[in-house]
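Notes to accompany the following structure.
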Amino acid sequence: MEPIRVLIVEDDPMVMEINAQFVTKLPGFKLAGKAFTGKEAISLINEEKPNLVLLDYFLPDTNGLSLLHTIRNNHYPIDVILLTANRDPHHIQEIFRAGVVDYIVKPFRFDRFQTALEQYRHTFKKFQENRPFDQADLDTLTRVQLKGAELEDQLPKGLNDRTLQQIIQFLKGQAEPLSSEDVAAGVGLARVTVRRYLDYLEKKGDIVMEIQYGSVGRPMNKYRL
């Protein structure tokens with residue numbers, strides 16, 4: 001999959017540079033441009049055709065809601081995440097009605113930013129697969145948290161939620177991609193069992209499989225969130 005192209009719209013030069021560094025730190029994303037005004041943002045949207053806009057609310061020539069309406073009224077195929085200090089509930093409600101993927105309040109930590117973009121990447125990947133969605137896919141997109149019994153009903157036969165969550169929590173604590181053997185050793189389960197859960201999570205887009213080539217032997221599949 002081609003890198004997701006990101007346009008940052010932010011009038012504070014220091015905050016702009018921090019956000020740009022955050023984007024470049026994340027695999028699967030490419031900085032497509034920096035806009036300090038709404039006018040610059042529309043110009044860069046037309047020139048660079050980004051997939052995702054990281055949008056501040058307070059801009060010198062407009063505000064984030066007005067710019068979001070312009071994006072929607074012109075039918076640009078773009079997703080938007082708000083990065084702003086604006087906490088006004090009426091503005092926030094209107095922004096969600098206009099269609100945003102996420103809303104992050106400044107100041108924020110890198111891990112919140114990372115979670116938002118990685119969630120977006122998983123969603124973006126699902127749409128690129130061009131296959132019919134099932135309810136589990138839609139629940140992931142809308143971030144619906146199912147209760148244990150409901151989730152069990154949607155898991156493939158032979159899988160259970162407790163083991164699934166155990167594997168996910170183990171992967172969350174890892175800095176590097178791991179093989180199925182590594183994950184099995186970490187959670188204390190048989191490799192063949194762990195492999196079924198990893199295959200399920202990879203098909204859902206919740207984890208990413210990377211093929212790593214060594215100097216000798218077969219390539220190895222490794223997994224990360």
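Residue numbering restarts at 1 in every chain; chains get A, B, ... in the order shown in the structure tokens, and ligands count up from 1 in that same order.
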Go through stretch 88-186 of chain A residue by residue and, counting only C-alpha atoms, keep those with an atom at most 9 Å from stretch 190-202 of chain A; for each kept residue give the shortest atom pair and its distance in Å to one decimal, ordered by chain and increasing number, as CSV.
residue,atom,partner,partner_atom,distance
A:Leu155,CA,A:Tyr200,CA,8.9
A:Pro156,CA,A:Tyr200,CA,8.3
A:Leu159,CA,A:Tyr197,CA,7.2
A:Thr163,CA,A:Tyr197,CA,8.4
A:Leu164,CA,A:Tyr197,CA,6.5
A:Ile167,CA,A:Val194,CA,7.9
A:Ile168,CA,A:Leu201,CA,8.9
A:Ser180,CA,A:Arg195,CA,5.9
A:Glu181,CA,A:Arg191,CA,5.7
A:Asp182,CA,A:Arg191,CA,8.6
A:Val183,CA,A:Val194,CA,7.2
A:Ala184,CA,A:Arg191,CA,5.1
A:Ala185,CA,A:Arg191,CA,7.9
How would the residues just picked look written out with C-alpha atoms as a short mmCIF file (atom, residue, chain, number, x, y, z; two decimals), in the first residue's frame?
data_model
loop_
_atom_site.label_atom_id
_atom_site.label_comp_id
_atom_site.auth_asym_id
_atom_site.auth_seq_id
_atom_site.Cartn_x
_atom_site.Cartn_y
_atom_site.Cartn_z
CA LEU A 155 -15.32 -14.43 16.52
CA PRO A 156 -14.53 -17.38 14.22
CA LEU A 159 -11.39 -18.41 19.07
CA THR A 163 -7.16 -15.20 24.55
CA LEU A 164 -7.58 -12.59 21.83
CA ILE A 167 -2.42 -11.54 22.60
CA ILE A 168 -3.36 -7.93 21.79
CA SER A 180 4.29 -16.20 15.90
CA GLU A 181 6.86 -18.24 17.88
CA ASP A 182 7.84 -15.14 19.86
CA VAL A 183 4.20 -14.30 20.62
CA ALA A 184 3.43 -17.91 21.61
CA ALA A 185 6.37 -17.91 24.04
#
Output as a ChimeraX atom specification all residues of stretch 9-170 of chain A that backbone DSSP marks as helix (DSSP H, G or I). /A:13-25,38-48,64-73,89-98,110-128,135-141,148-154,161-170
Using only C-alpha atoms, which protein or nucleic acid residues come within 7 Å of A:Gln212? Drop anything in the same chain fewer than 6 positions from it, and give the result as a ChimeraX atom specification. /A:219-221
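You can rank A:Pro89, A:Lys204, A:Glu118, A:Val53 by their closest distance to A:Phe133 using only C-alpha atoms, and at the top of that list sits A:Lys204.
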Spatial neighbours of A:Pro60, max dist 10 Å, only C-alpha atoms, sep filter under 3 positions, as a list in words: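 Skipping anything fewer than 3 positions along the chain leaves Glu10, Asp11, Phe36, Thr37, Gly38, Lys39, Tyr57 and Asn63 of chain A.
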What's the 12 Å shell around A:Leu65, counting only C-alpha atoms, without same-chain residues fewer than 5 positions away, as a list in words?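 So, after excluding close chain neighbours, the residues are Gly38, Leu55, Asp56, Tyr57, Phe58, Leu59, Thr70, Ile71, Arg72, Val80, Ile81, Leu82, Thr84, Asn86, His90, His91, Ile92, Gln93, Glu94, Ile95, Phe96, Arg97, Ala98, Gly99 and Val100 of chain A.
Using only C-alpha atoms, the nearest neighbour of A:Asp111 within the list A:Gly188, A:Ala35, A:Asp61, A:Lys172 is A:Lys172.
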